[in-house]
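What follows is the content of data.cif, which has mmCIF, C-alpha atoms:
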data_final
#
loop_
_atom_site.label_atom_id
_atom_site.label_comp_id
_atom_site.auth_asym_id
_atom_site.auth_seq_id
_atom_site.Cartn_x
_atom_site.Cartn_y
_atom_site.Cartn_z
CA MET N 318 100.42 184.23 108.11
CA LEU N 319 102.69 186.39 110.23
CA THR N 320 103.94 185.39 113.66
CA ILE N 321 105.92 188.53 114.46
CA ARG N 322 104.13 191.79 115.28
CA PHE N 323 105.83 194.31 113.06
CA ASP N 324 104.64 197.31 115.06
CA LYS N 325 106.98 196.13 117.83
CA LEU N 326 109.97 196.22 115.46
CA ALA N 327 109.26 199.74 114.18
CA ILE N 328 110.68 198.90 110.75
CA ALA N 329 110.94 202.02 108.60
CA PRO N 330 111.45 202.42 104.84
CA GLY N 331 115.09 201.90 103.98
CA ASP N 332 115.90 199.84 107.07
CA ARG N 333 118.16 196.86 106.46
CA VAL N 334 116.46 193.66 107.65
CA LEU N 335 117.86 190.13 107.81
CA ASP N 336 115.58 187.10 108.12
CA VAL N 337 117.61 184.10 109.32
CA GLY N 338 115.93 180.85 108.37
CA ALA N 339 113.47 182.69 106.17
CA GLY N 340 111.78 179.53 104.90
CA PHE N 341 109.47 180.48 102.06
CA GLY N 342 109.79 184.15 102.98
CA ARG N 343 106.55 185.15 104.69
CA HIS N 344 108.20 187.69 107.02
CA VAL N 345 110.59 188.89 104.30
CA PHE N 346 107.64 189.76 102.09
CA GLU N 347 106.06 191.88 104.83
CA CYS N 348 109.34 193.71 105.50
CA ALA N 349 109.66 194.49 101.78
CA ARG N 350 106.06 195.73 101.65
CA ARG N 351 106.96 198.16 104.44
CA GLY N 352 109.84 199.52 102.37
CA ALA N 353 112.72 197.74 104.12
CA ASP N 354 115.80 196.47 102.28
CA VAL N 355 115.54 192.73 102.85
CA VAL N 356 118.01 189.86 102.91
CA ALA N 357 116.69 186.31 103.35
CA LEU N 358 118.94 183.46 104.44
CA ASP N 359 118.04 179.79 104.77
CA TYR N 360 119.91 176.50 104.98
CA ALA N 361 117.42 174.61 102.79
CA GLU N 362 118.16 175.07 99.10
CA ASP N 363 114.59 174.42 97.92
CA GLU N 364 113.22 177.14 100.18
CA VAL N 365 115.86 179.60 98.95
CA VAL N 366 114.82 178.89 95.35
CA GLN N 367 111.13 179.30 96.17
CA THR N 368 111.68 182.57 98.04
CA ARG N 369 113.68 184.00 95.15
CA ALA N 370 110.89 183.07 92.75
CA THR N 371 108.17 184.57 94.94
CA LEU N 372 110.07 187.81 95.49
CA GLY N 373 110.68 188.04 91.76
CA ALA N 374 106.97 187.58 91.08
CA MET N 375 106.11 190.26 93.65
CA VAL N 376 108.49 192.65 91.92
CA ASP N 377 106.90 191.84 88.55
CA THR N 378 103.39 192.54 89.86
CA GLY N 379 104.44 195.75 91.60
CA GLU N 380 103.80 194.49 95.14
CA ILE N 381 107.32 195.41 96.19
CA ASP N 382 110.01 197.65 94.74
CA LEU N 383 112.97 195.94 93.08
CA GLU N 384 115.27 198.14 95.19
CA ARG N 385 113.99 196.45 98.35
CA PHE N 386 115.14 193.01 97.13
CA LYS N 387 118.76 192.80 98.33
CA GLY N 388 119.33 189.06 98.24
CA VAL N 389 118.19 185.54 99.03
CA LEU N 390 120.99 183.15 99.84
CA ARG N 391 121.76 179.80 101.35
CA GLY N 392 123.82 179.92 104.51
CA ASP N 393 124.52 178.64 108.02
CA ALA N 394 122.97 180.58 110.90
CA THR N 395 126.00 179.82 113.08
CA ARG N 396 128.36 181.45 110.53
CA LEU N 397 126.59 184.39 108.95
CA PRO N 398 128.38 185.87 105.90
CA PHE N 399 127.89 189.50 106.95
CA ALA N 400 130.01 192.14 108.63
CA ASP N 401 129.36 193.34 112.18
CA SER N 402 126.45 195.76 112.61
CA SER N 403 125.15 195.23 109.06
CA PHE N 404 121.41 195.29 109.82
CA ASP N 405 118.85 197.51 111.53
CA ALA N 406 116.69 194.51 112.43
CA VAL N 407 117.16 190.75 112.55
CA ILE N 408 114.32 188.25 112.72
CA THR N 409 114.31 184.46 113.00
CA SER N 410 111.09 182.49 113.05
CA GLU N 411 110.72 178.80 113.98
CA VAL N 412 114.43 178.18 113.38
CA LEU N 413 116.37 177.97 116.64
CA GLU N 414 114.64 174.74 117.69
CA HIS N 415 116.28 173.04 114.68
CA ILE N 416 119.86 174.17 115.44
CA GLN N 417 122.14 172.13 117.69
CA ASP N 418 124.32 175.11 118.62
CA ASP N 419 121.58 177.67 119.13
CA VAL N 420 123.85 179.81 121.34
CA ALA N 421 126.28 180.28 118.44
CA ALA N 422 123.42 181.13 116.08
CA ILE N 423 121.99 183.76 118.44
CA ALA N 424 125.47 185.25 118.94
CA GLU N 425 125.90 185.56 115.18
CA MET N 426 122.54 187.28 114.76
CA VAL N 427 123.39 189.76 117.50
CA ARG N 428 126.82 190.36 115.96
CA VAL N 429 125.39 191.47 112.61
CA LEU N 430 122.74 193.65 114.30
CA ARG N 431 123.68 197.31 114.67
CA PRO N 432 123.75 198.91 118.13
CA GLY N 433 120.21 200.06 118.85
CA GLY N 434 118.81 197.57 116.32
CA MET N 435 115.72 195.44 116.90
CA PHE N 436 115.52 191.65 117.18
CA ALA N 437 112.63 189.18 117.12
CA ALA N 438 112.72 185.41 117.56
CA THR N 439 109.88 182.88 117.49
CA VAL N 440 110.04 179.25 118.60
CA PRO N 441 107.40 176.60 119.39
CA ALA N 442 105.88 177.26 122.81
CA TRP N 443 106.63 174.72 125.53
CA LEU N 444 103.23 173.07 126.16
CA PRO N 445 102.08 172.58 122.53
CA GLU N 446 105.55 171.36 121.60
CA LYS N 447 105.71 168.96 124.55
CA ILE N 448 102.43 167.39 123.41
CA ASN N 449 103.81 166.99 119.88
CA TRP N 450 106.88 165.19 121.20
CA MET N 451 104.73 162.90 123.36
CA LEU N 452 102.49 162.00 120.41
CA SER N 453 105.22 161.34 117.85
CA ASP N 454 108.88 160.32 118.01
CA GLU N 455 109.05 160.94 114.26
CA TYR N 456 108.25 164.64 114.80
CA HIS N 457 111.53 165.48 116.45
CA ALA N 458 115.25 164.73 116.10
CA PRO N 459 117.19 162.56 115.70
CA LYS N 460 114.76 160.32 113.82
CA SER N 461 113.51 162.97 111.39
CA ALA N 462 115.86 165.03 109.24
CA GLY N 463 115.57 168.66 110.21
CA GLY N 464 113.53 167.78 113.29
CA HIS N 465 113.30 169.78 116.49
CA VAL N 466 116.23 169.20 118.84
CA ARG N 467 114.90 170.99 121.95
CA ILE N 468 111.78 172.30 123.61
CA TYR N 469 112.18 175.89 124.77
CA SER N 470 110.65 177.49 127.78
CA ALA N 471 110.18 181.23 127.51
CA THR N 472 112.63 181.61 130.39
CA GLU N 473 115.35 179.66 128.60
CA LEU N 474 115.05 181.59 125.35
CA LYS N 475 114.97 184.94 127.14
CA ALA N 476 118.09 183.97 129.12
CA LYS N 477 119.94 183.04 125.92
CA LEU N 478 118.99 186.32 124.25
CA VAL N 479 120.10 188.33 127.28
CA ALA N 480 123.37 186.38 127.49
CA ALA N 481 124.02 187.30 123.85
CA GLY N 482 123.72 190.99 124.74
CA LEU N 483 120.09 191.89 123.99
CA GLU N 484 117.74 193.95 126.13
CA PRO N 485 114.38 192.10 126.37
CA LEU N 486 111.36 194.07 125.13
CA GLY N 487 108.46 191.73 125.79
CA ARG N 488 106.88 188.60 124.43
CA HIS N 489 103.57 187.10 123.33
CA ARG N 490 102.03 183.85 122.06
CA ALA N 491 100.55 183.27 118.59
CA HIS N 492 98.64 180.75 116.45
CA ALA N 493 96.40 179.01 118.97
CA LEU N 494 94.35 177.40 116.18
CA HIS N 495 97.48 175.77 114.77
CA SER N 496 98.27 173.78 117.92
CA PRO N 497 95.39 171.28 117.50
CA TYR N 498 96.37 170.86 113.87
CA TRP N 499 99.89 169.73 114.84
CA TRP N 500 98.60 167.52 117.63
CA LEU N 501 96.40 165.83 115.07
CA LYS N 502 99.27 165.47 112.59
CA CYS N 503 101.52 163.96 115.25
CA ALA N 504 98.77 161.56 116.33
CA VAL N 505 98.31 160.14 112.80
CA GLY N 506 101.94 160.58 111.67
CA PRO N 507 103.54 163.97 110.96
CA HIS N 508 103.98 163.19 107.26
CA ASN N 509 100.52 161.73 106.74
CA ASP N 510 99.10 164.83 105.06
CA ASP N 511 96.44 162.81 103.21
CA HIS N 512 94.66 161.69 106.37
CA PRO N 513 91.05 162.95 106.08
CA LEU N 514 91.06 164.74 109.45
CA VAL N 515 94.40 166.41 108.72
CA ALA N 516 93.26 167.49 105.27
CA ARG N 517 89.97 168.87 106.64
CA TYR N 518 91.72 170.87 109.38
CA ARG N 519 94.27 172.20 106.90
CA GLN N 520 91.42 173.43 104.69
CA PHE N 521 89.96 175.21 107.72
CA LEU N 522 93.27 176.92 108.48
CA GLU N 523 93.71 177.98 104.86
CA TRP N 524 90.19 179.43 104.86
CA ASP N 525 90.91 181.24 108.12
CA ILE N 526 94.15 182.78 106.82
CA VAL N 527 92.43 184.08 103.69
CA SER N 528 89.08 185.13 105.21
CA GLN N 529 90.15 186.19 108.72
CA PRO N 530 86.61 186.11 110.14
CA ARG N 531 85.94 187.97 113.36
CA SER N 532 85.04 184.77 115.21
CA THR N 533 88.42 183.09 114.68
CA ARG N 534 90.32 186.34 115.35
CA LEU N 535 88.56 186.47 118.72
CA ALA N 536 89.34 182.81 119.36
CA GLU N 537 93.01 183.46 118.60
CA ARG N 538 93.17 186.36 121.06
CA VAL N 539 91.48 184.36 123.81
CA LEU N 540 93.30 181.06 123.32
CA SER N 541 96.81 182.11 122.28
CA PRO N 542 98.04 182.98 125.79
CA ALA N 543 97.25 179.38 126.81
CA ILE N 544 97.81 177.19 123.74
CA GLY N 545 99.43 179.45 121.14
CA LYS N 546 101.79 177.24 119.14
CA SER N 547 104.52 179.89 118.94
CA ILE N 548 106.11 182.19 121.46
CA VAL N 549 107.66 185.42 120.21
CA LEU N 550 110.36 187.35 122.07
CA TYR N 551 111.58 190.85 121.17
CA GLY N 552 114.83 192.56 122.06
CA ARG N 553 117.10 195.48 121.31
CA LYS N 554 120.87 195.56 120.97
CA PRO N 555 122.10 198.26 123.36
CA ALA N 556 123.52 201.38 121.78
CA VAL N 557 127.28 201.84 122.12
CA VAL N 558 128.26 204.07 125.04
CA ALA N 559 130.21 206.96 123.56
CA VAL N 560 132.46 207.54 126.58
CA ASP N 561 133.32 205.13 129.38
CA MET N 562 133.50 207.53 132.31
CA LEU N 563 135.28 205.05 134.57
CA ALA N 564 137.99 204.46 131.99
CA ALA N 565 138.29 208.18 131.37
CA ASP N 566 138.77 208.99 135.06
CA THR N 567 142.24 207.41 135.45
CA PRO N 568 145.15 208.73 137.55
CA GLU N 569 147.08 209.40 134.34
CA ARG N 570 144.23 211.50 132.92
CA ARG N 571 143.81 213.42 136.19
CA ALA N 572 147.53 214.16 136.26
CA SER N 573 147.59 215.49 132.67
#

I need this file expressed as structure tokens, please.
Amino acid sequence: MLTIRFDKLAIAPGDRVLDVGAGFGRHVFECARRGADVVALDYAEDEVVQTRATLGAMVDTGEIDLERFKGVLRGDATRLPFADSSFDAVITSEVLEHIQDDVAAIAEMVRVLRPGGMFAATVPAWLPEKINWMLSDEYHAPKSAGGHVRIYSATELKAKLVAAGLEPLGRHRAHALHSPYWWLKCAVGPHNDDHPLVARYRQFLEWDIVSQPRSTRLAERVLSPAIGKSIVLYGRKPAVVAVDMLAADTPERRAS
């Protein structure tokens, strides 16, 4: 299940892509399928191990080329272990809402993105997330380890991306059918996965992801602008200006 629209990132074979907070690697796998050289980073050790295993299995079955698999590592989004301008694209999905210093994390992601490179970030949308918080204290920090520490508005996230130096390139909502699932989970307890209603809805979502029937695709398109669980913002790091004309036109230069 992909949240990011890859046609908006224009990822080409051989592009270097970093997924910050890759989780179990769903977006990394798609980047690799498109021929990108992928690096996945996550803070959770178990997810790093699982992503490595899945990528290895995909290499073994021929789904992706071994050359595309550049690394899966554990790391801190606020202190990325990469040089400036190392990647052609950086993505981060459902991560920033977990990070106390999200401004530092965004700055780091922009730092390692090359000039002209593409950026995509997804976070829980304001209204579905607000309902989750109202239904369950356990859902969010500080009571749950790794919980959500803020509720973003689209305006706030866009402002933080612009402040970090990105040019905004649009946004959209996604996963409308997942919002009721999380409202249900929060109502019965976010860790109560065995509740009959939760289990039944999860089976429906799993069927939908695999089957992708026309009816639910239409429902997603109609409902996502209103209740889509995630909001996705895209941006570009401005290309470096080759010559600063104001700096060049100095009295000393005119006198030379």

Output check: residues returned by the PyMOL selection byres ((chain N and resi 449) around 9), as an mmCIF file with C-alpha atoms, in the coordinates of the input:
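And here is the file that came out, out35.cif:
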data_model
loop_
_atom_site.group_PDB
_atom_site.id
_atom_site.type_symbol
_atom_site.label_atom_id
_atom_site.label_comp_id
_atom_site.auth_asym_id
_atom_site.auth_seq_id
_atom_site.Cartn_x
_atom_site.Cartn_y
_atom_site.Cartn_z
ATOM 1 C CA LEU N 444 103.230 173.070 126.160
ATOM 2 C CA PRO N 445 102.080 172.580 122.530
ATOM 3 C CA GLU N 446 105.550 171.360 121.600
ATOM 4 C CA LYS N 447 105.710 168.960 124.550
ATOM 5 C CA ILE N 448 102.430 167.390 123.410
ATOM 6 C CA TRP N 450 106.880 165.190 121.200
ATOM 7 C CA MET N 451 104.730 162.900 123.360
ATOM 8 C CA LEU N 452 102.490 162.000 120.410
ATOM 9 C CA SER N 453 105.220 161.340 117.850
ATOM 10 C CA ASP N 454 108.880 160.320 118.010
ATOM 11 C CA TYR N 456 108.250 164.640 114.800
ATOM 12 C CA HIS N 457 111.530 165.480 116.450
ATOM 13 C CA SER N 496 98.270 173.780 117.920
ATOM 14 C CA TRP N 499 99.890 169.730 114.840
ATOM 15 C CA TRP N 500 98.600 167.520 117.630
ATOM 16 C CA LEU N 501 96.400 165.830 115.070
ATOM 17 C CA LYS N 502 99.270 165.470 112.590
ATOM 18 C CA CYS N 503 101.520 163.960 115.250
ATOM 19 C CA ALA N 504 98.770 161.560 116.330
#

Best match for closeness to Leu413 of chain N among N:Pro441, N:Gly352, N:Pro485, N:Gly342, counting only C-alpha atoms: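 Closest to Leu413 of chain N of all the choices is N:Pro441.
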
Chain and number of each residue from the PyMOL selection byres ((chain N and resi 356) around 8), as a PyMOL selection string: chain N and resi 333-336+345+354-355+357-358+386-390

Picked residues, the PyMOL selection byres ((chain N and resi 486) around 9), as a list in words: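 When the PyMOL selection byres ((chain N and resi 486) around 9) is applied, the selected residues are Lys325, Glu484, Pro485, Gly487, Arg488, Leu550, Tyr551, Gly552 and Arg553 of chain N.
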
Protein/DNA/RNA residues near (92.6, 186.2, 111.9), cut 12 Å, only C-alpha atoms, as a ChimeraX atom specification: /N:318-320,491-495,522-538,541

With N, CA and C atoms as the goal, would you fill in the gaps in segment 367-403 of chain N and present it as a PDB file, keeping the file's coordinate frame?
ATOM      1  N   GLN N 367     112.526 178.879  96.172  1.00  0.00           N
ATOM      2  CA  GLN N 367     111.130 179.300  96.170  1.00  0.00           C
ATOM      3  C   GLN N 367     110.983 180.758  96.597  1.00  0.00           C
ATOM      4  N   THR N 368     111.757 181.185  97.593  1.00  0.00           N
ATOM      5  CA  THR N 368     111.680 182.570  98.040  1.00  0.00           C
ATOM      6  C   THR N 368     112.150 183.526  96.955  1.00  0.00           C
ATOM      7  N   ARG N 369     113.217 183.168  96.258  1.00  0.00           N
ATOM      8  CA  ARG N 369     113.680 184.000  95.150  1.00  0.00           C
ATOM      9  C   ARG N 369     112.588 184.150  94.099  1.00  0.00           C
ATOM     10  N   ALA N 370     111.933 183.043  93.765  1.00  0.00           N
ATOM     11  CA  ALA N 370     110.890 183.070  92.750  1.00  0.00           C
ATOM     12  C   ALA N 370     109.712 183.939  93.189  1.00  0.00           C
ATOM     13  N   THR N 371     109.313 183.797  94.450  1.00  0.00           N
ATOM     14  CA  THR N 371     108.170 184.570  94.940  1.00  0.00           C
ATOM     15  C   THR N 371     108.495 186.058  94.992  1.00  0.00           C
ATOM     16  N   LEU N 372     109.681 186.400  95.476  1.00  0.00           N
ATOM     17  CA  LEU N 372     110.070 187.810  95.490  1.00  0.00           C
ATOM     18  C   LEU N 372     110.119 188.371  94.086  1.00  0.00           C
ATOM     19  N   GLY N 373     110.640 187.588  93.145  1.00  0.00           N
ATOM     20  CA  GLY N 373     110.680 188.040  91.760  1.00  0.00           C
ATOM     21  C   GLY N 373     109.291 188.294  91.219  1.00  0.00           C
ATOM     22  N   ALA N 374     108.345 187.402  91.538  1.00  0.00           N
ATOM     23  CA  ALA N 374     106.970 187.580  91.080  1.00  0.00           C
ATOM     24  C   ALA N 374     106.338 188.816  91.717  1.00  0.00           C
ATOM     25  N   MET N 375     106.649 189.077  92.982  1.00  0.00           N
ATOM     26  CA  MET N 375     106.110 190.260  93.650  1.00  0.00           C
ATOM     27  C   MET N 375     106.663 191.541  93.044  1.00  0.00           C
ATOM     28  N   VAL N 376     107.914 191.498  92.627  1.00  0.00           N
ATOM     29  CA  VAL N 376     108.490 192.650  91.920  1.00  0.00           C
ATOM     30  C   VAL N 376     107.775 192.854  90.592  1.00  0.00           C
ATOM     31  N   ASP N 377     107.548 191.760  89.867  1.00  0.00           N
ATOM     32  CA  ASP N 377     106.900 191.840  88.550  1.00  0.00           C
ATOM     33  C   ASP N 377     105.489 192.408  88.637  1.00  0.00           C
ATOM     34  N   THR N 378     104.770 192.071  89.713  1.00  0.00           N
ATOM     35  CA  THR N 378     103.390 192.540  89.860  1.00  0.00           C
ATOM     36  C   THR N 378     103.293 193.890  90.565  1.00  0.00           C
ATOM     37  N   GLY N 379     104.441 194.449  90.960  1.00  0.00           N
ATOM     38  CA  GLY N 379     104.440 195.750  91.600  1.00  0.00           C
ATOM     39  C   GLY N 379     104.117 195.747  93.072  1.00  0.00           C
ATOM     40  N   GLU N 380     104.083 194.555  93.710  1.00  0.00           N
ATOM     41  CA  GLU N 380     103.800 194.490  95.140  1.00  0.00           C
ATOM     42  C   GLU N 380     104.937 195.043  95.975  1.00  0.00           C
ATOM     43  N   ILE N 381     106.163 194.835  95.514  1.00  0.00           N
ATOM     44  CA  ILE N 381     107.320 195.410  96.190  1.00  0.00           C
ATOM     45  C   ILE N 381     108.235 196.026  95.156  1.00  0.00           C
ATOM     46  N   ASP N 382     109.048 196.974  95.600  1.00  0.00           N
ATOM     47  CA  ASP N 382     110.010 197.650  94.740  1.00  0.00           C
ATOM     48  C   ASP N 382     111.249 196.769  94.571  1.00  0.00           C
ATOM     49  N   LEU N 383     111.761 196.715  93.361  1.00  0.00           N
ATOM     50  CA  LEU N 383     112.970 195.940  93.080  1.00  0.00           C
ATOM     51  C   LEU N 383     114.124 196.363  93.988  1.00  0.00           C
ATOM     52  N   GLU N 384     114.180 197.641  94.348  1.00  0.00           N
ATOM     53  CA  GLU N 384     115.270 198.140  95.190  1.00  0.00           C
ATOM     54  C   GLU N 384     115.250 197.539  96.586  1.00  0.00           C
ATOM     55  N   ARG N 385     114.096 197.041  97.013  1.00  0.00           N
ATOM     56  CA  ARG N 385     113.990 196.450  98.350  1.00  0.00           C
ATOM     57  C   ARG N 385     114.569 195.035  98.398  1.00  0.00           C
ATOM     58  N   PHE N 386     114.739 194.415  97.253  1.00  0.00           N
ATOM     59  CA  PHE N 386     115.140 193.010  97.130  1.00  0.00           C
ATOM     60  C   PHE N 386     116.664 192.944  97.078  1.00  0.00           C
ATOM     61  N   LYS N 387     117.299 192.748  98.245  1.00  0.00           N
ATOM     62  CA  LYS N 387     118.760 192.800  98.330  1.00  0.00           C
ATOM     63  C   LYS N 387     119.438 191.442  98.247  1.00  0.00           C
ATOM     64  N   GLY N 388     118.693 190.367  98.397  1.00  0.00           N
ATOM     65  CA  GLY N 388     119.330 189.060  98.240  1.00  0.00           C
ATOM     66  C   GLY N 388     118.630 187.957  98.983  1.00  0.00           C
ATOM     67  N   VAL N 389     118.663 186.766  98.398  1.00  0.00           N
ATOM     68  CA  VAL N 389     118.190 185.540  99.030  1.00  0.00           C
ATOM     69  C   VAL N 389     119.300 184.517  98.857  1.00  0.00           C
ATOM     70  N   LEU N 390     119.839 184.022  99.949  1.00  0.00           N
ATOM     71  CA  LEU N 390     120.990 183.150  99.840  1.00  0.00           C
ATOM     72  C   LEU N 390     120.915 181.987 100.817  1.00  0.00           C
ATOM     73  N   ARG N 391     121.664 180.961 100.469  1.00  0.00           N
ATOM     74  CA  ARG N 391     121.760 179.800 101.350  1.00  0.00           C
ATOM     75  C   ARG N 391     122.934 180.015 102.287  1.00  0.00           C
ATOM     76  N   GLY N 392     122.746 179.716 103.558  1.00  0.00           N
ATOM     77  CA  GLY N 392     123.820 179.920 104.510  1.00  0.00           C
ATOM     78  C   GLY N 392     123.538 179.264 105.845  1.00  0.00           C
ATOM     79  N   ASP N 393     124.541 179.272 106.695  1.00  0.00           N
ATOM     80  CA  ASP N 393     124.520 178.640 108.020  1.00  0.00           C
ATOM     81  C   ASP N 393     124.304 179.727 109.065  1.00  0.00           C
ATOM     82  N   ALA N 394     123.276 179.574 109.887  1.00  0.00           N
ATOM     83  CA  ALA N 394     122.970 180.580 110.900  1.00  0.00           C
ATOM     84  C   ALA N 394     124.081 180.736 111.925  1.00  0.00           C
ATOM     85  N   THR N 395     124.914 179.717 112.101  1.00  0.00           N
ATOM     86  CA  THR N 395     126.000 179.820 113.080  1.00  0.00           C
ATOM     87  C   THR N 395     127.248 180.475 112.490  1.00  0.00           C
ATOM     88  N   ARG N 396     127.225 180.780 111.186  1.00  0.00           N
ATOM     89  CA  ARG N 396     128.360 181.450 110.530  1.00  0.00           C
ATOM     90  C   ARG N 396     127.810 182.389 109.460  1.00  0.00           C
ATOM     91  N   LEU N 397     127.229 183.475 109.884  1.00  0.00           N
ATOM     92  CA  LEU N 397     126.590 184.390 108.950  1.00  0.00           C
ATOM     93  C   LEU N 397     127.625 185.143 108.109  1.00  0.00           C
ATOM     94  N   PRO N 398     127.400 185.248 106.808  1.00  0.00           N
ATOM     95  CA  PRO N 398     128.380 185.870 105.900  1.00  0.00           C
ATOM     96  C   PRO N 398     128.209 187.377 105.802  1.00  0.00           C
ATOM     97  N   PHE N 399     128.100 188.052 106.944  1.00  0.00           N
ATOM     98  CA  PHE N 399     127.890 189.500 106.950  1.00  0.00           C
ATOM     99  C   PHE N 399     128.825 190.144 107.970  1.00  0.00           C
ATOM    100  N   ALA N 400     129.153 191.392 107.714  1.00  0.00           N
ATOM    101  CA  ALA N 400     130.010 192.140 108.630  1.00  0.00           C
ATOM    102  C   ALA N 400     129.243 192.515 109.902  1.00  0.00           C
ATOM    103  N   ASP N 401     129.977 192.873 110.939  1.00  0.00           N
ATOM    104  CA  ASP N 401     129.360 193.340 112.180  1.00  0.00           C
ATOM    105  C   ASP N 401     128.451 194.526 111.898  1.00  0.00           C
ATOM    106  N   SER N 402     127.345 194.600 112.628  1.00  0.00           N
ATOM    107  CA  SER N 402     126.450 195.760 112.610  1.00  0.00           C
ATOM    108  C   SER N 402     125.909 196.077 111.213  1.00  0.00           C
ATOM    109  N   SER N 403     125.603 195.035 110.437  1.00  0.00           N
ATOM    110  CA  SER N 403     125.150 195.230 109.060  1.00  0.00           C
ATOM    111  C   SER N 403     123.663 195.522 108.929  1.00  0.00           C
TER     112      SER N 403
END
